[in-house]
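Next comes final-v8.tsv, with TSV, C-alpha atoms and all ligand atoms.
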chain	number	residue	atom	x	y	z
A	1	MET	CA	104.48	92.86	114.82
A	2	HIS	CA	101.26	94.86	114.88
A	3	VAL	CA	99.79	95.83	111.54
A	4	VAL	CA	99.47	99.51	112.40
A	5	SER	CA	103.16	99.72	113.02
A	6	LEU	CA	103.85	98.01	109.69
A	7	TYR	CA	101.75	100.56	107.93
A	8	THR	CA	103.29	103.48	109.78
A	9	PHE	CA	106.74	102.20	108.93
A	10	GLN	CA	105.82	101.96	105.29
A	11	TRP	CA	104.56	105.48	104.89
A	12	SER	CA	106.93	107.29	107.20
A	13	ASP	CA	109.75	105.48	105.46
A	14	SER	CA	108.84	106.20	101.88
A	15	HIS	CA	106.79	109.38	102.28
A	16	PRO	CA	108.36	111.35	105.13
A	17	GLU	CA	106.43	114.42	104.08
A	18	ASN	CA	103.08	112.80	104.90
A	19	SER	CA	101.27	113.74	108.06
A	20	GLN	CA	100.18	111.19	110.65
A	21	VAL	CA	96.57	111.55	109.59
A	22	TRP	CA	97.17	109.49	106.43
A	23	LEU	CA	98.88	106.80	108.41
A	24	ASP	CA	95.61	106.01	110.14
A	25	VAL	CA	93.51	105.91	107.00
A	26	ASP	CA	93.78	102.20	106.45
A	27	ASP	CA	95.55	100.14	109.04
A	28	HIS	CA	94.14	96.89	107.71
A	29	LEU	CA	96.12	93.86	106.78
A	30	ARG	CA	95.28	93.76	103.07
A	31	LEU	CA	94.95	90.35	101.40
A	32	VAL	CA	94.20	89.60	97.75
A	33	LEU	CA	92.79	86.19	96.80
A	34	ILE	CA	93.78	84.85	93.41
A	35	GLY	CA	93.48	81.58	91.54
A	36	ARG	CA	91.37	79.52	89.23
A	37	SER	CA	87.59	79.45	89.25
A	38	GLY	CA	86.34	76.94	91.82
A	39	GLY	CA	89.72	77.01	93.57
A	40	GLY	CA	88.05	78.17	96.75
A	41	LYS	CA	88.91	81.91	96.72
A	42	SER	CA	85.56	83.26	97.89
A	43	ALA	CA	85.11	80.46	100.42
A	44	ALA	CA	88.61	81.20	101.74
A	45	GLY	CA	87.71	84.90	102.04
A	46	ASN	CA	84.61	83.99	104.04
A	47	CYS	CA	86.64	81.69	106.23
A	48	ILE	CA	89.30	84.36	106.90
A	49	LEU	CA	86.75	87.07	107.69
A	50	GLY	CA	84.54	84.67	109.69
A	51	GLN	CA	81.42	85.76	107.78
A	52	GLU	CA	79.64	84.71	104.60
A	53	VAL	CA	80.32	87.94	102.74
A	54	PHE	CA	81.50	86.67	99.36
A	55	GLU	CA	79.21	84.67	97.09
A	56	SER	CA	80.42	81.10	96.87
A	57	HIS	CA	78.68	78.04	95.46
A	58	SER	CA	79.37	75.09	93.24
A	59	GLU	CA	76.19	74.67	91.24
A	60	SER	CA	77.36	77.05	88.55
A	61	PHE	CA	78.99	76.04	85.27
A	62	THR	CA	80.39	79.53	84.94
A	63	ALA	CA	82.63	81.46	87.29
A	64	VAL	CA	80.71	82.67	90.35
A	65	THR	CA	82.76	85.76	91.16
A	66	GLN	CA	82.53	88.08	88.17
A	67	LYS	CA	84.18	91.20	89.55
A	68	CYS	CA	86.54	92.21	92.32
A	69	ASP	CA	85.02	92.87	95.70
A	70	LYS	CA	86.47	94.01	99.00
A	71	LYS	CA	85.25	93.18	102.49
A	72	LYS	CA	86.66	94.02	105.91
A	73	ALA	CA	86.36	92.58	109.40
A	74	MET	CA	88.08	92.40	112.74
A	75	VAL	CA	89.72	89.00	112.87
A	76	GLU	CA	91.31	87.79	116.07
A	77	GLY	CA	91.95	91.36	117.14
A	78	ARG	CA	93.33	92.44	113.77
A	79	ARG	CA	91.76	94.62	111.12
A	80	VAL	CA	91.74	92.60	107.92
A	81	SER	CA	90.54	93.48	104.44
A	82	VAL	CA	90.16	90.87	101.73
A	83	VAL	CA	89.88	91.51	98.01
A	84	ASP	CA	88.17	88.63	96.20
A	85	THR	CA	88.87	88.37	92.48
A	86	PRO	CA	87.41	86.50	89.50
A	87	ASP	CA	89.49	83.98	87.62
A	88	TRP	CA	91.49	86.49	85.58
A	89	PHE	CA	92.57	83.84	83.17
A	90	ASN	CA	89.12	82.68	82.21
A	91	SER	CA	89.13	82.15	78.46
A	92	GLU	CA	85.81	83.93	78.09
A	93	GLN	CA	87.35	87.24	79.11
A	94	THR	CA	89.16	89.46	76.65
A	95	PRO	CA	92.54	90.95	77.61
A	96	ASP	CA	90.80	94.32	78.02
A	97	GLU	CA	88.32	92.81	80.44
A	98	VAL	CA	91.13	91.14	82.37
A	99	ARG	CA	93.01	94.42	82.51
A	100	ALA	CA	89.92	96.18	83.87
A	101	GLN	CA	89.60	93.50	86.55
A	102	ILE	CA	93.24	93.85	87.52
A	103	SER	CA	92.87	97.66	87.66
A	104	SER	CA	89.92	97.20	89.96
A	105	CYS	CA	91.88	94.85	92.20
A	106	VAL	CA	94.77	97.33	92.38
A	107	ALA	CA	92.44	100.17	93.40
A	108	LEU	CA	90.68	98.08	96.05
A	109	SER	CA	93.95	96.88	97.58
A	110	SER	CA	95.67	100.27	97.40
A	111	PRO	CA	98.26	101.28	98.57
A	112	GLY	CA	99.23	97.63	98.02
A	113	PRO	CA	98.46	94.18	99.40
A	114	HIS	CA	100.43	92.79	102.29
A	115	ALA	CA	99.96	89.39	100.68
A	116	PHE	CA	98.57	87.76	97.57
A	117	LEU	CA	97.00	84.44	98.57
A	118	LEU	CA	97.17	81.98	95.68
A	119	CYS	CA	94.36	79.48	96.33
A	120	VAL	CA	95.36	75.96	95.26
A	121	PRO	CA	93.05	72.93	95.68
A	122	LEU	CA	95.06	70.21	97.43
A	123	ASP	CA	93.09	67.35	95.95
A	124	GLN	CA	93.69	68.24	92.30
A	125	PRO	CA	96.73	68.38	90.02
A	126	ALA	CA	98.23	71.89	89.97
A	127	LYS	CA	98.17	72.14	86.19
A	128	THR	CA	97.57	75.85	85.96
A	129	GLU	CA	98.99	77.36	89.12
A	130	LEU	CA	102.61	77.63	87.97
A	131	GLN	CA	101.37	79.64	85.01
A	132	ALA	CA	99.26	81.72	87.38
A	133	LEU	CA	102.38	82.57	89.37
A	134	ARG	CA	104.18	83.55	86.19
A	135	ALA	CA	101.25	85.71	85.16
A	136	LEU	CA	101.19	87.32	88.59
A	137	GLY	CA	104.86	88.20	88.20
A	138	THR	CA	104.24	89.57	84.72
A	139	VAL	CA	101.35	91.77	85.80
A	140	PHE	CA	102.54	92.99	89.18
A	141	GLY	CA	106.30	92.42	89.04
A	142	PRO	CA	108.51	89.52	90.20
A	143	GLU	CA	108.65	90.72	93.81
A	144	ALA	CA	104.90	90.25	94.08
A	145	VAL	CA	105.59	86.51	93.84
A	146	GLN	CA	108.99	86.36	95.51
A	147	LYS	CA	108.18	88.50	98.53
A	148	HIS	CA	104.42	88.79	98.92
A	149	THR	CA	102.69	85.62	97.73
A	150	VAL	CA	101.57	82.86	100.06
A	151	VAL	CA	100.26	79.59	98.62
A	152	LEU	CA	96.94	78.91	100.32
A	153	PHE	CA	95.99	75.25	100.05
A	154	THR	CA	92.24	74.66	99.96
A	155	TYR	CA	90.08	71.49	99.98
A	156	VAL	CA	92.15	69.72	102.65
A	157	ASP	CA	88.91	68.02	103.80
A	158	ARG	CA	88.36	66.51	100.36
A	159	LEU	CA	91.97	65.35	100.25
A	160	ARG	CA	91.48	63.54	103.56
A	161	ALA	CA	88.14	62.07	102.44
A	162	SER	CA	89.68	60.79	99.19
A	163	GLY	CA	92.22	58.68	101.03
A	164	LYS	CA	95.00	59.95	98.75
A	165	ALA	CA	96.93	61.30	101.72
A	166	GLU	CA	96.99	57.78	103.26
A	167	GLY	CA	96.60	59.18	106.76
A	168	LYS	CA	99.50	61.60	106.37
A	169	SER	CA	99.28	65.26	107.31
A	170	ALA	CA	98.78	67.69	104.43
A	171	GLU	CA	102.40	68.80	104.77
A	172	GLU	CA	103.70	65.21	104.60
A	173	TYR	CA	101.44	64.47	101.64
A	174	ILE	CA	102.76	67.51	99.75
A	175	ALA	CA	106.39	66.71	100.53
A	176	SER	CA	106.15	63.00	99.64
A	177	GLN	CA	103.64	62.88	96.79
A	178	ARG	CA	103.20	66.29	95.22
A	179	GLY	CA	106.29	67.55	93.45
A	180	ASP	CA	104.07	70.03	91.56
A	181	LEU	CA	102.95	71.66	94.80
A	182	VAL	CA	106.47	71.66	96.23
A	183	GLU	CA	107.61	73.58	93.14
A	184	LEU	CA	104.85	76.14	93.64
A	185	VAL	CA	105.74	76.64	97.28
A	186	GLU	CA	109.44	76.98	96.44
A	187	LYS	CA	108.64	79.74	93.95
A	188	CYS	CA	106.99	81.58	96.85
A	189	ARG	CA	110.08	81.15	99.03
A	190	ASP	CA	108.48	78.35	101.08
A	191	ARG	CA	105.47	80.41	102.14
A	192	PHE	CA	102.32	78.31	102.34
A	193	HIS	CA	99.34	77.63	104.55
A	194	VAL	CA	96.82	74.80	104.68
A	195	LEU	CA	93.38	76.31	105.25
A	196	GLU	CA	91.26	74.35	107.72
A	197	LYS	CA	87.56	75.08	107.47
A	198	GLY	CA	84.63	73.68	109.37
A	199	GLY	CA	84.07	76.49	111.82
A	200	GLY	CA	84.72	76.58	115.53
A	201	ARG	CA	87.87	77.22	117.49
A	202	ARG	CA	90.00	75.15	115.12
A	203	GLN	CA	89.14	77.33	112.13
A	204	LYS	CA	89.77	80.52	114.11
A	205	GLN	CA	93.14	79.22	115.26
A	206	ASN	CA	94.02	78.24	111.71
A	207	VAL	CA	93.12	81.70	110.36
A	208	ALA	CA	95.15	83.33	113.14
A	209	GLU	CA	98.12	81.21	112.05
A	210	LEU	CA	97.63	82.36	108.45
A	211	LEU	CA	97.60	86.01	109.56
A	212	ASP	CA	100.77	85.39	111.58
A	213	LYS	CA	102.39	84.04	108.42
A	214	VAL	CA	101.28	87.10	106.46
A	215	GLU	CA	102.74	89.40	109.10
A	216	GLN	CA	105.97	87.41	109.01
A	217	THR	CA	105.94	87.75	105.21
A	218	VAL	CA	105.65	91.52	105.53
A	219	LYS	CA	108.46	91.60	108.08
A	220	GLU	CA	110.73	89.61	105.77
A	221	ALA	CA	109.84	91.95	102.89
A	222	GLY	CA	111.22	94.86	104.91
A	223	GLY	CA	108.08	95.83	106.82
A	224	GLN	CA	106.17	97.06	103.81
A	225	CYS	CA	103.18	96.04	101.79
A	226	TYR	CA	103.76	95.28	98.14
A	227	SER	CA	104.11	98.35	96.00
A	228	SER	CA	104.72	99.07	92.34
A	229	PRO	CA	104.04	102.00	89.98
A	230	ALA	CA	100.50	100.68	89.46
A	231	PHE	CA	99.74	100.66	93.19
A	232	GLN	CA	101.35	104.09	93.62
A	233	GLU	CA	99.21	105.46	90.81
A	234	ALA	CA	96.11	103.91	92.37
A	235	GLU	CA	96.88	105.37	95.79
A	236	ASP	CA	97.49	108.79	94.30
A	237	ARG	CA	94.16	108.63	92.48
A	238	VAL	CA	92.28	107.38	95.52
A	239	ARG	CA	93.58	110.29	97.59
A	240	GLN	CA	92.69	112.80	94.93
A	241	ARG	CA	89.23	111.29	94.71
A	242	GLN	CA	88.86	111.44	98.50
A	243	LEU	CA	89.51	115.16	98.36
A	244	GLU	CA	86.93	115.61	95.61
A	245	ILE	CA	84.32	113.64	97.58
A	246	ALA	CA	85.02	115.62	100.75
A	247	ARG	CA	84.60	118.86	98.84
A	248	GLU	CA	81.41	117.65	97.20
A	249	ARG	CA	80.03	116.78	100.63
A	250	LYS	CA	80.96	120.21	101.93
A	251	GLY	CA	78.81	121.64	99.15
A	252	VAL	CA	81.49	123.16	96.99
A	253	GLN	CA	79.59	124.73	94.09
A	254	PRO	CA	79.39	122.36	91.11
A	255	ALA	CA	80.98	124.85	88.70
A	256	LEU	CA	83.86	125.35	91.09
A	257	ALA	CA	84.17	121.64	91.75
A	258	ALA	CA	84.19	120.88	88.01
A	259	ALA	CA	86.90	123.46	87.39
A	260	ASP	CA	88.87	122.08	90.28
A	261	ALA	CA	88.41	118.50	89.15
A	262	GLY	CA	89.84	119.47	85.78
A	263	ARG	CA	92.75	121.10	87.46
A	264	LEU	CA	93.30	118.09	89.71
A	265	SER	CA	93.38	115.70	86.81
A	266	THR	CA	96.04	117.67	85.00
A	267	MET	CA	97.99	119.02	87.94
A	268	ARG	CA	97.92	116.79	90.98
A	269	LYS	CA	98.15	118.42	94.37
A	270	PRO	CA	101.00	117.60	96.72
A	271	LEU	CA	99.80	115.08	99.27
A	272	GLU	CA	100.60	117.29	102.25
A	273	GLN	CA	98.32	119.97	100.81
A	274	ILE	CA	95.50	117.46	100.58
A	275	ASN	CA	96.14	116.48	104.19
A	276	GLU	CA	95.72	120.08	105.28
A	277	GLU	CA	92.35	120.34	103.56
A	278	MET	CA	90.83	117.25	105.12
A	279	THR	CA	90.12	116.19	108.65
A	280	GLU	CA	90.98	112.73	109.86
A	281	ASP	CA	87.28	111.76	109.90
A	282	GLU	CA	86.83	112.96	106.34
A	283	ILE	CA	89.79	110.92	105.22
A	284	LYS	CA	88.37	107.78	106.84
A	285	ASP	CA	84.80	108.41	105.66
A	286	THR	CA	85.68	109.02	102.04
A	287	ARG	CA	88.13	106.17	101.62
A	288	ASP	CA	85.79	103.32	100.63
A	289	GLU	CA	83.82	105.46	98.20
A	290	ALA	CA	87.01	106.77	96.62
A	291	GLU	CA	88.46	103.28	96.22
A	292	LYS	CA	85.24	102.08	94.58
A	293	SER	CA	85.24	105.06	92.26
A	294	VAL	CA	88.87	104.49	91.22
A	295	SER	CA	88.23	100.75	90.85
A	296	ASN	CA	86.07	101.55	87.83
A	297	THR	CA	88.91	103.32	86.04
A	298	SER	CA	91.94	102.01	84.21
A	299	ILE	CA	95.32	102.08	85.98
A	300	GLU	CA	97.67	103.28	83.28
A	301	SER	CA	100.89	102.06	84.92
A	302	LEU	CA	99.85	98.42	84.60
A	303	PRO	CA	101.76	96.59	81.88
A	304	PRO	CA	99.75	95.61	78.81
A	305	VAL	CA	97.68	92.50	79.30
A	306	THR	CA	98.04	90.50	76.12
A	307	LEU	CA	97.30	86.96	75.09
A	308	SER	CA	100.99	86.20	74.81
A	309	SER	CA	101.95	87.69	78.18
A	310	ILE	CA	99.16	86.18	80.25
A	311	LEU	CA	96.37	84.21	78.70
A	312	THR	CA	98.33	81.93	76.40
A	313	CYS	CA	100.69	80.73	79.06
A	314	TRP	CA	97.70	80.06	81.28
A	315	HIS	CA	95.62	78.10	78.82
A	316	LEU	CA	98.04	76.22	76.60
A	317	LYS	CA	99.19	74.03	79.43
A	318	LEU	CA	95.83	73.02	80.82
B	1	LIG	N1	84.74	70.68	100.66
B	1	LIG	C1	85.23	71.86	100.38
B	1	LIG	N2	84.56	72.70	99.55
B	1	LIG	C2	85.11	73.89	99.29
B	1	LIG	C3	86.35	74.30	99.82
B	1	LIG	N3	86.63	75.54	99.35
B	1	LIG	C4	85.60	75.88	98.55
B	1	LIG	N4	84.68	74.89	98.52
B	1	LIG	C5	83.42	74.88	97.77
B	1	LIG	O1	83.71	74.89	96.39
B	1	LIG	C6	82.80	75.73	95.68
B	1	LIG	C7	83.58	76.81	94.92
B	1	LIG	O2	84.30	77.59	95.86
B	1	LIG	P1	84.46	79.16	95.68
B	1	LIG	O3	85.15	79.67	96.89
B	1	LIG	O4	83.17	79.78	95.33
B	1	LIG	O5	85.43	79.20	94.42
B	1	LIG	P2	86.05	80.50	93.72
B	1	LIG	O6	87.52	80.28	93.61
B	1	LIG	O7	85.62	81.72	94.45
B	1	LIG	O8	85.41	80.41	92.29
B	1	LIG	P3	84.99	81.62	91.27
B	1	LIG	O9	84.24	82.64	92.04
B	1	LIG	O10	84.14	80.93	90.25
B	1	LIG	O11	86.29	82.14	90.70
B	1	LIG	C8	81.84	76.28	96.73
B	1	LIG	O12	80.69	75.49	96.77
B	1	LIG	C9	82.61	76.13	98.03
B	1	LIG	O13	81.77	75.98	99.15
B	1	LIG	C10	87.04	73.41	100.70
B	1	LIG	O14	88.13	73.68	101.22
B	1	LIG	N5	86.44	72.21	100.93
B	2	MG	MG	84.57	83.37	93.87
Do you think you could lay out the structure here as structure tokens?
Ligand SMILES: Nc1nc2c(ncn2[C@@H]2O[C@H](COP(=O)(O)OP(=O)(O)OP(=O)(O)O)[C@@H](O)[C@H]2O)c(=O)[nH]1
Ligand SMILES: [Mg+2]
Amino acid sequence: MHVVSLYTFQWSDSHPENSQVWLDVDDHLRLVLIGRSGGGKSAAGNCILGQEVFESHSESFTAVTQKCDKKKAMVEGRRVSVVDTPDWFNSEQTPDEVRAQISSCVALSSPGPHAFLLCVPLDQPAKTELQALRALGTVFGPEAVQKHTVVLFTYVDRLRASGKAEGKSAEEYIASQRGDLVELVEKCRDRFHVLEKGGGRRQKQNVAELLDKVEQTVKEAGGQCYSSPAFQEAEDRVRQRQLEIARERKGVQPALAAADAGRLSTMRKPLEQINEEMTEDEIKDTRDEAEKSVSNTSIESLPPVTLSSILTCWHLKL
């Protein structure tokens, strides 16, 4: 199924009042990378997008990715956007900082990711990933895990080099020797992918297979990206912000714009009215800036991020 049609289905289904112009705003397959620091999130993002766009290195004793970032590319004929995230469960971050990071991720993947990719190193014990899945369910809702998470196994090359797989394929190794990984995959309704890096045709083919799995995931979830009150709030804010940016660019007088901004924040405009005020080009041109702007704000519909709900369950079982 083509991504554009997935997106069209989503919006025409849940927002019949919206005009076609919004349907074309973002026809990307939206992926969010999550997992522990050093788990290979940024490297996986670079591999998927076929470009070195996310910072990724091993010489650091602290987490490399410190804030959420979004990059886009055409991949095997598909528009793909990837949101890279820091390790949300890093003990050095306060719950407020984690909440800000999650808000940022929600804004950048608005109106919702098609898949969360939980990066899991194949050559290490999965001590923390079950807790990560639980935390994901707590923050975004159980359907985020049950319907939209794919386990993305990383470091298959190191597994092979270690000899632990004893010549078996990664799938055979997981099934025969890694009950912990089997449990993870089962929690995600058997959705997993083994990421093959190393460049060349093989890597491209492997990424194409991953994208096929994501599209299948979306199909099985009813043809929609993941949504929740937090993502709906983010999308609403991004659209409002797009309108403000378009007006600012048109040179609406500052006093008028300020008065209008105040009005917008207290009384949100119906989406169809916003559509009428903006051209298709304006909608496309203002999208990235609006998402970035909203990514620096707090999404109020997110549940509280507390030590007991997230961080404790992550760290106590290390
Ligand atoms: N051999 C090998 N190295 C990998 C693989 N994936 C990532 N790496 C390396 O491991 C190091 C850490 O990977 P990153 O992708 O930066 O890890 P991260 O999850 O983004 O880590 P943070 O940004 O700190 O949260 C980098 O040097 C990567 O090149 C892999 O599949 N195989
Ligand atoms: Mg990183």
* **Exercise: residues within 12 Å of coordinate (104.9, 85.0, 98.2), counting only C-alpha atoms, as a ChimeraX atom specification** => /A:31-32,113-118,133,136-137,141-152,184-193,213-218,220-221,225-226
* To do: Please indicate the distance in Å from atom CA of Ser298 of chain A to atom CA of Ala234 of chain A, rounded to one decimal place.
  =>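 It comes out at 9.4 Å.
Residues in contact with ligand MG 2 (chain B) (atom pairs separated by at most 8 Å; all atoms listed in the file) are Ser37, Gly38, Gly40, Lys41, Ser42, Ala43, Phe54, Glu55, Ser56, Ala63, Val64, Thr65, Gln66, Asp84, Thr85, Pro86 and Asp87 of chain A.
Considering the residues A:Gly179, A:Gly198, A:Pro111, A:Pro95 and counting only C-alpha atoms and all ligand atoms, ligand LIG 1 (chain B) has its shortest atom-to-atom contact with A:Gly198.
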* Asked: Between A:Thr128, A:Ser81, A:Gln242, A:Thr62, which one has atoms that come closest to ligand LIG 1 (chain B), using all atoms listed in the file?
  ->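 Ranking A:Thr128, A:Ser81, A:Gln242, A:Thr62 by distance to ligand LIG 1 (chain B), first place goes to A:Thr62.
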* Asked: When distances are computed from all atoms listed in the file, which of A:Leu159, A:Val194, A:Val139, A:Ile174 shows the smallest separation from Arg99 of chain A?
  ->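 Smallest distance to Arg99 of chain A is found for A:Val139.
Take the candidates A:Ala73, A:Leu195, A:Ile48, A:Ala165 and check each one against ligand LIG 1 (chain B) using all atoms listed in the file; the shortest distance goes to A:Leu195.
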In the coordinates of the file, take the point (86.6, 78.5, 111.8) and a cut-off of 10 Å; then, counting only C-alpha atoms, name each qualifying protein, DNA or RNA residue as a compact mmCIF listing (two decimals) with C-alpha atoms, keeping the file's coordinate frame.
# COMPACT_ATOMS: atom_id res chain seq x y z
CA ASN A 46 84.61 83.99 104.04
CA CYS A 47 86.64 81.69 106.23
CA ILE A 48 89.30 84.36 106.90
CA LEU A 49 86.75 87.07 107.69
CA GLY A 50 84.54 84.67 109.69
CA GLN A 51 81.42 85.76 107.78
CA LEU A 195 93.38 76.31 105.25
CA GLU A 196 91.26 74.35 107.72
CA LYS A 197 87.56 75.08 107.47
CA GLY A 198 84.63 73.68 109.37
CA GLY A 199 84.07 76.49 111.82
CA GLY A 200 84.72 76.58 115.53
CA ARG A 201 87.87 77.22 117.49
CA ARG A 202 90.00 75.15 115.12
CA GLN A 203 89.14 77.33 112.13
CA LYS A 204 89.77 80.52 114.11
CA GLN A 205 93.14 79.22 115.26
CA ASN A 206 94.02 78.24 111.71
CA VAL A 207 93.12 81.70 110.36
CA ALA A 208 95.15 83.33 113.14
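If you measure from each of A:Asp69, A:Glu172, A:Glu300, A:Asp180 to Asp288 of chain A using all atoms listed in the file, the closest one turns out to be A:Asp69.
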* To do: Rank nothing, just name the residue among A:Ala44, A:Ala246, A:Val80, A:Ile102 nearest to ligand LIG 1 (chain B), using all atoms listed in the file.
  =>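 Among the listed residues, the smallest separation from ligand LIG 1 (chain B) belongs to A:Ala44.
The interatomic distance for the pair atom CA of Ala175 of chain A and atom CA of Ile34 of chain A works out to 23.2 Å.
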